[in-house]
Every structure is written in C-alpha cells, then in structure tokens.
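Next up, data_12.cif (mmCIF, C-alpha atoms and all ligand atoms):
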data_data
loop_
_atom_site.group_PDB
_atom_site.id
_atom_site.type_symbol
_atom_site.label_atom_id
_atom_site.label_comp_id
_atom_site.auth_asym_id
_atom_site.auth_seq_id
_atom_site.Cartn_x
_atom_site.Cartn_y
_atom_site.Cartn_z
ATOM 1 C CA MET A 1 78.915 73.514 109.502
ATOM 2 C CA LEU A 2 80.338 70.009 109.373
ATOM 3 C CA ALA A 3 80.077 67.782 112.414
ATOM 4 C CA PRO A 4 83.477 67.097 113.978
ATOM 5 C CA ALA A 5 84.826 63.655 113.179
ATOM 6 C CA GLN A 6 85.670 61.539 116.191
ATOM 7 C CA GLY A 7 89.062 62.511 117.541
ATOM 8 C CA TYR A 8 89.661 64.818 114.621
ATOM 9 C CA ALA A 9 89.092 68.545 114.891
ATOM 10 C CA LEU A 10 87.626 70.305 111.888
ATOM 11 C CA TYR A 11 87.561 74.005 111.105
ATOM 12 C CA ASN A 12 84.608 76.297 111.642
ATOM 13 C CA ALA A 13 83.926 79.263 109.380
ATOM 14 C CA ARG A 14 84.291 82.521 111.292
ATOM 15 C CA GLU A 15 81.939 85.487 111.246
ATOM 16 C CA TYR A 16 83.008 88.901 109.949
ATOM 17 C CA PRO A 17 80.241 91.389 110.777
ATOM 18 C CA VAL A 18 82.372 94.343 109.663
ATOM 19 C CA MET A 19 82.345 92.974 106.118
ATOM 20 C CA LEU A 20 78.550 92.736 106.092
ATOM 21 C CA SER A 21 78.133 96.215 107.576
ATOM 22 C CA GLY A 22 78.809 97.820 104.188
ATOM 23 C CA ALA A 23 81.469 99.998 105.823
ATOM 24 C CA VAL A 24 84.335 98.407 103.877
ATOM 25 C CA PHE A 25 82.871 97.231 100.569
ATOM 26 C CA SER A 26 79.297 96.747 99.368
ATOM 27 C CA PHE A 27 77.097 94.255 101.190
ATOM 28 C CA GLY A 28 76.581 92.382 97.907
ATOM 29 C CA MET A 29 80.273 91.896 97.177
ATOM 30 C CA SER A 30 81.124 91.070 100.768
ATOM 31 C CA SER A 31 78.343 88.525 101.208
ATOM 32 C CA VAL A 32 79.446 86.672 98.055
ATOM 33 C CA HIS A 33 83.034 86.795 99.273
ATOM 34 C CA LEU A 34 82.130 85.356 102.666
ATOM 35 C CA LYS A 35 80.221 82.502 101.020
ATOM 36 C CA LEU A 36 83.274 81.750 98.908
ATOM 37 C CA TYR A 37 85.416 81.709 102.056
ATOM 38 C CA GLN A 38 82.988 79.282 103.682
ATOM 39 C CA GLY A 39 83.559 77.022 100.685
ATOM 40 C CA TYR A 40 87.275 76.913 101.460
ATOM 41 C CA VAL A 41 86.549 75.942 105.053
ATOM 42 C CA LYS A 42 84.220 73.192 103.853
ATOM 43 C CA SER A 43 86.764 71.935 101.307
ATOM 44 C CA THR A 44 89.586 71.970 103.855
ATOM 45 C CA ASN A 45 87.465 69.854 106.176
ATOM 46 C CA ALA A 46 86.437 67.519 103.367
ATOM 47 C CA LEU A 47 90.099 66.981 102.473
ATOM 48 C CA LEU A 48 91.020 66.263 106.083
ATOM 49 C CA GLN A 49 88.210 63.752 106.383
ATOM 50 C CA ARG A 50 88.945 61.987 103.082
ATOM 51 C CA LEU A 51 92.682 61.797 103.800
ATOM 52 C CA LYS A 52 91.930 60.263 107.170
ATOM 53 C CA GLU A 53 89.629 57.721 105.526
ATOM 54 C CA LEU A 54 92.282 56.783 102.982
ATOM 55 C CA GLU A 55 94.860 56.336 105.738
ATOM 56 C CA GLY A 56 92.367 54.159 107.608
ATOM 57 C CA GLU A 57 91.898 52.066 104.447
ATOM 58 C CA ASN A 58 95.677 51.807 103.964
ATOM 59 C CA LYS A 59 95.427 53.588 100.603
ATOM 60 C CA THR A 60 98.275 56.046 101.076
ATOM 61 C CA ALA A 61 99.978 54.819 97.893
ATOM 62 C CA SER A 62 96.898 55.674 95.801
ATOM 63 C CA PRO A 63 96.832 58.528 93.274
ATOM 64 C CA GLU A 64 93.835 59.974 95.138
ATOM 65 C CA TYR A 65 95.779 60.236 98.384
ATOM 66 C CA ALA A 66 98.751 61.865 96.630
ATOM 67 C CA GLU A 67 96.623 64.422 94.812
ATOM 68 C CA LEU A 68 94.562 65.320 97.873
ATOM 69 C CA LYS A 69 97.765 65.745 99.872
ATOM 70 C CA ARG A 70 99.067 68.095 97.191
ATOM 71 C CA ARG A 71 95.815 70.050 97.245
ATOM 72 C CA PHE A 72 95.710 70.550 100.993
ATOM 73 C CA GLY A 73 97.913 73.661 101.117
ATOM 74 C CA TRP A 74 95.834 75.342 98.423
ATOM 75 C CA GLU A 75 92.518 74.838 100.232
ATOM 76 C CA PHE A 76 93.959 75.558 103.676
ATOM 77 C CA ASN A 77 95.613 78.788 102.568
ATOM 78 C CA GLY A 78 92.435 79.748 100.716
ATOM 79 C CA MET A 79 90.699 79.517 104.070
ATOM 80 C CA ARG A 80 93.385 81.119 106.232
ATOM 81 C CA LEU A 81 94.309 83.971 103.875
ATOM 82 C CA HIS A 82 90.651 84.979 103.679
ATOM 83 C CA GLU A 83 90.486 85.007 107.489
ATOM 84 C CA LEU A 84 93.574 87.200 107.635
ATOM 85 C CA TYR A 85 92.151 89.466 104.919
ATOM 86 C CA PHE A 86 88.706 89.942 106.456
ATOM 87 C CA SER A 87 90.156 90.559 109.899
ATOM 88 C CA ASN A 88 92.680 93.116 108.648
ATOM 89 C CA LEU A 89 89.772 95.276 107.472
ATOM 90 C CA GLY A 90 87.736 97.642 109.608
ATOM 91 C CA ALA A 91 89.475 101.022 109.471
ATOM 92 C CA ALA A 92 91.580 101.488 112.595
ATOM 93 C CA PRO A 93 94.599 103.844 112.376
ATOM 94 C CA LEU A 94 98.222 102.940 112.973
ATOM 95 C CA PRO A 95 99.412 105.199 115.795
ATOM 96 C CA ALA A 96 102.358 107.460 115.034
ATOM 97 C CA GLY A 97 104.408 105.871 117.811
ATOM 98 C CA SER A 98 103.615 102.235 117.028
ATOM 99 C CA SER A 99 106.422 99.676 116.908
ATOM 100 C CA LEU A 100 105.234 98.437 113.509
ATOM 101 C CA ARG A 101 105.427 101.901 111.981
ATOM 102 C CA ALA A 102 108.889 102.386 113.495
ATOM 103 C CA ALA A 103 110.164 99.028 112.210
ATOM 104 C CA LEU A 104 108.803 99.570 108.680
ATOM 105 C CA THR A 105 110.307 103.053 108.637
ATOM 106 C CA ALA A 106 113.664 101.691 109.799
ATOM 107 C CA GLN A 107 113.761 99.150 106.964
ATOM 108 C CA TYR A 108 112.265 101.151 104.105
ATOM 109 C CA GLY A 109 113.479 104.638 105.001
ATOM 110 C CA THR A 110 109.957 106.023 105.339
ATOM 111 C CA PHE A 111 106.570 104.461 106.018
ATOM 112 C CA GLU A 112 105.414 105.915 102.709
ATOM 113 C CA ALA A 113 108.234 104.113 100.868
ATOM 114 C CA TRP A 114 107.004 100.805 102.241
ATOM 115 C CA GLU A 115 103.428 101.756 101.323
ATOM 116 C CA ALA A 116 104.495 102.563 97.740
ATOM 117 C CA SER A 117 106.186 99.160 97.489
ATOM 118 C CA PHE A 118 103.042 97.409 98.743
ATOM 119 C CA GLN A 119 100.794 99.391 96.405
ATOM 120 C CA ALA A 120 103.003 98.496 93.438
ATOM 121 C CA LEU A 121 102.635 94.854 94.396
ATOM 122 C CA ALA A 122 98.870 95.281 94.450
ATOM 123 C CA GLN A 123 98.921 96.204 90.760
ATOM 124 C CA LEU A 124 100.646 93.046 89.552
ATOM 125 C CA ARG A 125 98.728 91.130 86.924
ATOM 126 C CA GLY A 126 97.316 87.752 87.823
ATOM 127 C CA ILE A 127 95.314 86.220 90.639
ATOM 128 C CA GLY A 128 96.679 85.889 94.136
ATOM 129 C CA TRP A 129 97.440 87.957 97.181
ATOM 130 C CA ALA A 130 99.688 90.888 98.082
ATOM 131 C CA ALA A 131 101.108 90.364 101.551
ATOM 132 C CA LEU A 132 103.372 92.037 104.044
ATOM 133 C CA VAL A 133 105.183 89.288 105.907
ATOM 134 C CA TYR A 134 107.625 89.468 108.787
ATOM 135 C CA ASP A 135 110.687 87.261 108.928
ATOM 136 C CA ALA A 136 111.146 87.208 112.701
ATOM 137 C CA PRO A 137 114.487 85.327 112.823
ATOM 138 C CA ALA A 138 116.036 87.957 110.553
ATOM 139 C CA GLY A 139 113.986 90.852 111.932
ATOM 140 C CA ARG A 140 112.926 92.096 108.502
ATOM 141 C CA PHE A 141 109.864 92.527 106.333
ATOM 142 C CA HIS A 142 109.035 91.456 102.793
ATOM 143 C CA ASN A 143 106.213 92.529 100.518
ATOM 144 C CA VAL A 144 105.421 89.313 98.685
ATOM 145 C CA TRP A 145 103.132 88.092 95.929
ATOM 146 C CA ILE A 146 101.310 84.863 96.755
ATOM 147 C CA ASN A 147 100.265 83.150 93.551
ATOM 148 C CA GLU A 148 96.725 81.776 93.849
ATOM 149 C CA HIS A 149 96.830 80.723 97.525
ATOM 150 C CA ASP A 150 99.956 78.692 97.906
ATOM 151 C CA GLY A 151 102.710 79.800 95.579
ATOM 152 C CA GLY A 152 105.458 81.931 97.059
ATOM 153 C CA VAL A 153 104.546 81.919 100.744
ATOM 154 C CA PRO A 154 107.908 82.415 102.495
ATOM 155 C CA ALA A 155 108.251 79.581 105.004
ATOM 156 C CA GLY A 156 108.297 80.555 108.634
ATOM 157 C CA THR A 157 107.211 84.151 108.128
ATOM 158 C CA THR A 158 104.194 85.788 109.745
ATOM 159 C CA VAL A 159 101.543 87.307 107.491
ATOM 160 C CA LEU A 160 100.877 90.793 108.874
ATOM 161 C CA LEU A 161 98.735 92.368 106.159
ATOM 162 C CA VAL A 162 97.105 90.753 103.161
ATOM 163 C CA LEU A 163 95.146 92.015 100.167
ATOM 164 C CA ASP A 164 92.970 89.673 98.118
ATOM 165 C CA LEU A 165 93.678 90.149 94.410
ATOM 166 C CA PHE A 166 91.393 87.519 92.986
ATOM 167 C CA GLU A 167 88.848 89.181 90.709
ATOM 168 C CA HIS A 168 85.958 88.198 92.975
ATOM 169 C CA ALA A 169 87.460 90.508 95.620
ATOM 170 C CA TYR A 170 86.864 93.678 93.602
ATOM 171 C CA MET A 171 85.005 93.199 90.293
ATOM 172 C CA TYR A 172 81.534 93.628 91.808
ATOM 173 C CA ASP A 173 82.317 97.066 93.295
ATOM 174 C CA PHE A 174 85.241 98.314 91.203
ATOM 175 C CA GLN A 175 85.009 96.391 87.898
ATOM 176 C CA THR A 176 88.559 96.217 86.496
ATOM 177 C CA ASP A 177 89.825 99.239 88.427
ATOM 178 C CA LYS A 178 92.336 97.540 90.701
ATOM 179 C CA LEU A 179 93.906 100.868 91.616
ATOM 180 C CA ARG A 180 90.648 102.162 93.056
ATOM 181 C CA TYR A 181 90.145 98.854 94.879
ATOM 182 C CA ALA A 182 93.649 99.034 96.373
ATOM 183 C CA ARG A 183 92.996 102.606 97.539
ATOM 184 C CA ALA A 184 89.680 101.624 99.119
ATOM 185 C CA PHE A 185 91.419 98.704 100.821
ATOM 186 C CA TRP A 186 94.126 101.012 102.137
ATOM 187 C CA ALA A 187 91.555 103.382 103.630
ATOM 188 C CA ALA A 188 89.881 100.438 105.371
ATOM 189 C CA VAL A 189 92.881 98.648 106.875
ATOM 190 C CA ASN A 190 92.490 97.667 110.503
ATOM 191 C CA TRP A 191 95.970 98.644 111.633
ATOM 192 C CA ALA A 192 95.253 97.618 115.221
ATOM 193 C CA GLU A 193 94.949 94.030 113.957
ATOM 194 C CA VAL A 194 98.108 94.308 111.835
ATOM 195 C CA GLN A 195 100.035 95.696 114.822
ATOM 196 C CA LYS A 196 98.707 92.822 116.954
ATOM 197 C CA ARG A 197 100.024 90.288 114.427
ATOM 198 C CA PHE A 198 103.413 91.993 114.552
ATOM 199 C CA GLY A 199 103.158 91.503 118.295
ATOM 200 C CA LYS A 200 105.863 93.854 119.515
HETATM 201 FE FE FE B 301 88.811 86.053 98.041
#
Mind converting the file's structure to structure tokens?
Amino acid sequence: MLAPAQGYALYNAREYPVMLSGAVFSFGMSSVHLKLYQGYVKSTNALLQRLKELEGENKTASPEYAELKRRFGWEFNGMRLHELYFSNLGAAPLPAGSSLRAALTAQYGTFEAWEASFQALAQLRGIGWAALVYDAPAGRFHNVWINEHDGGVPAGTTVLLVLDLFEHAYMYDFQTDKLRYARAFWAAVNWAEVQKRFGK
C-alpha cells in the first residue's frame, strides 16, 4: 500500500474474501486476478502522484503530462471495473418482486430477454467488459461493451453489473471456453449488490 501524499488522497486496494474462498472461481485464478487488480490501484496512485509532481514543476505542457493525463481513465477504470466485478460476485438471488427485475422486464419484455442480450454481449470477440448500465435521466438500461477499460463507457450512467472479458479472467479455469465462463459467472452473480447499485 502506498503512503498517502500530503493533502492528496490515494486509493487503497480492497479485499474480496469471496473470490479467495474458491466458491466463485478457483483460488489460483482468483488470487492472480486480485494481484492484477492491485496493480491497477498502484498504477492509478502512481499516475496521480506523478501528475501532481509535474503540475508542481510547471510542466503541464510536457509530452509526459499529456500522455499520463490520457492514460488516467484507463488505469482508473481498470481499478474501478475490477472492484465492481469482484463485488458483483457471491451468488445471491434476485428476488421475484425486486424493482430491478421489474424494470428490466418492463424494458426488455421479459427478464430472460434481457439476460439473452447480456449473454450475447459476453460472447463478443476481443478484450474488455460486458456491462449492464442504467441511464437514470432517461430511466432506461443498456447492455454495453467496454473496450479494454475505457472505450465505450456511456457518460453519466451507473454500472450495475459487469463481467470481465479479458483472457486472464477465465483462461486459467475455462481455457478458451467463454460460454462456460459466462454461465459460471451468471450462476455466481450477487444480485443483492446489483439491486443495491440500482438503488430503487
Ligand atoms: Fe480482470
């Protein structure tokens, strides 16, 4: 853990005991994944510190400052999306009468229709994330592909459910079988957490 810089809060890596319990995926895959997440936290903090230094040195017109600024969203989302992913795992059911189930059903016709749309998204080729986001001002959902960590995040939406589709998230346990990984993920979703993010 990095020491906090004076007057400048840094991020701390969070603990996810459910991932290490072996109840979701293997201990081996999950422990590697958590270490990778900790790397994003460390890199986010390193960027914050270096950007602050460059501002202090009046080097905001430097190529280094510009490139680190451009990189910030990638590292930050790499950290935050992993936090959302780990915490939306843990196998808790979505109650039949939940507001989230009702709202998804209202938009997609059936809950299963929304699920099919999300599962199709999970089979896209490439590295990134499948996410259910909620556009609160419009009162509607989108299933979106996030390329790597930062491409295609709809501004102002709330991430409700997210599935890591980088190869490190499944190769160890499922090899190239993304369908089996997506099914295992689905069986392990912590719907109580997803409902909490929806907040209604
Ligand atoms: Fe990951």
task: Fewer than 2 positions away in the same chain doesn't count, so skip those; otherwise give me all residues within 10 Å of Leu34 (chain A), counting only C-alpha atoms, as an NGL selection string.
output: :A and (13-16 or 19-20 or 29-32 or 36-40 or 82-83 or 86)
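The environment of Glu148 (chain A) within 10 Å, counting all atoms listed in the file and disregarding residues fewer than 5 places along the same chain, consists of Trp74, Asn77, Gly78, Gly126, Ile127, Gly128, Trp129, Asp164, Leu165 and Phe166 of chain A.
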- request: Check which residues satisfy the PyMOL selection byres (((chain A and resi 12) around 9) and not hetatm) in the file shown, then give them as an MDAnalysis selection string.
  value: chainID A and resid 1:2 10:11 13:14 38 41:42 45
query: Which polymer residues have any atom within 7 Å of an atom of Leu47 (chain A), counting all atoms listed in the file, with same-chain residues fewer than 4 positions away left out, as a PyMOL selection string?
result: chain A and resi 43+51+68+72
Step by step, gather every atom of region 157-161 of chain A that the file lists, find the box along x, y and z that holds them, add 8 Å on each side, and finally give centre and edge lengths in Å to one decimal, as lines of an AutoDock Vina configuration file.
center_x = 103.0
center_y = 88.3
center_z = 108.0
size_x = 24.5
size_y = 24.2
size_z = 19.6
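Picked by the PyMOL selection byres (((chain A and resi 192) around 7) and not hetatm) from the coordinates shown: Ala92, Pro93, Leu94, Asn190, Trp191, Glu193, Val194, Gln195 and Lys196 of chain A.
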field: Residues matched by the PyMOL selection byres (((chain A and resi 107-109) around 12) and not hetatm), written as a PyMOL selection string
entry: chain A and resi 100-106+110-118+134+138-143
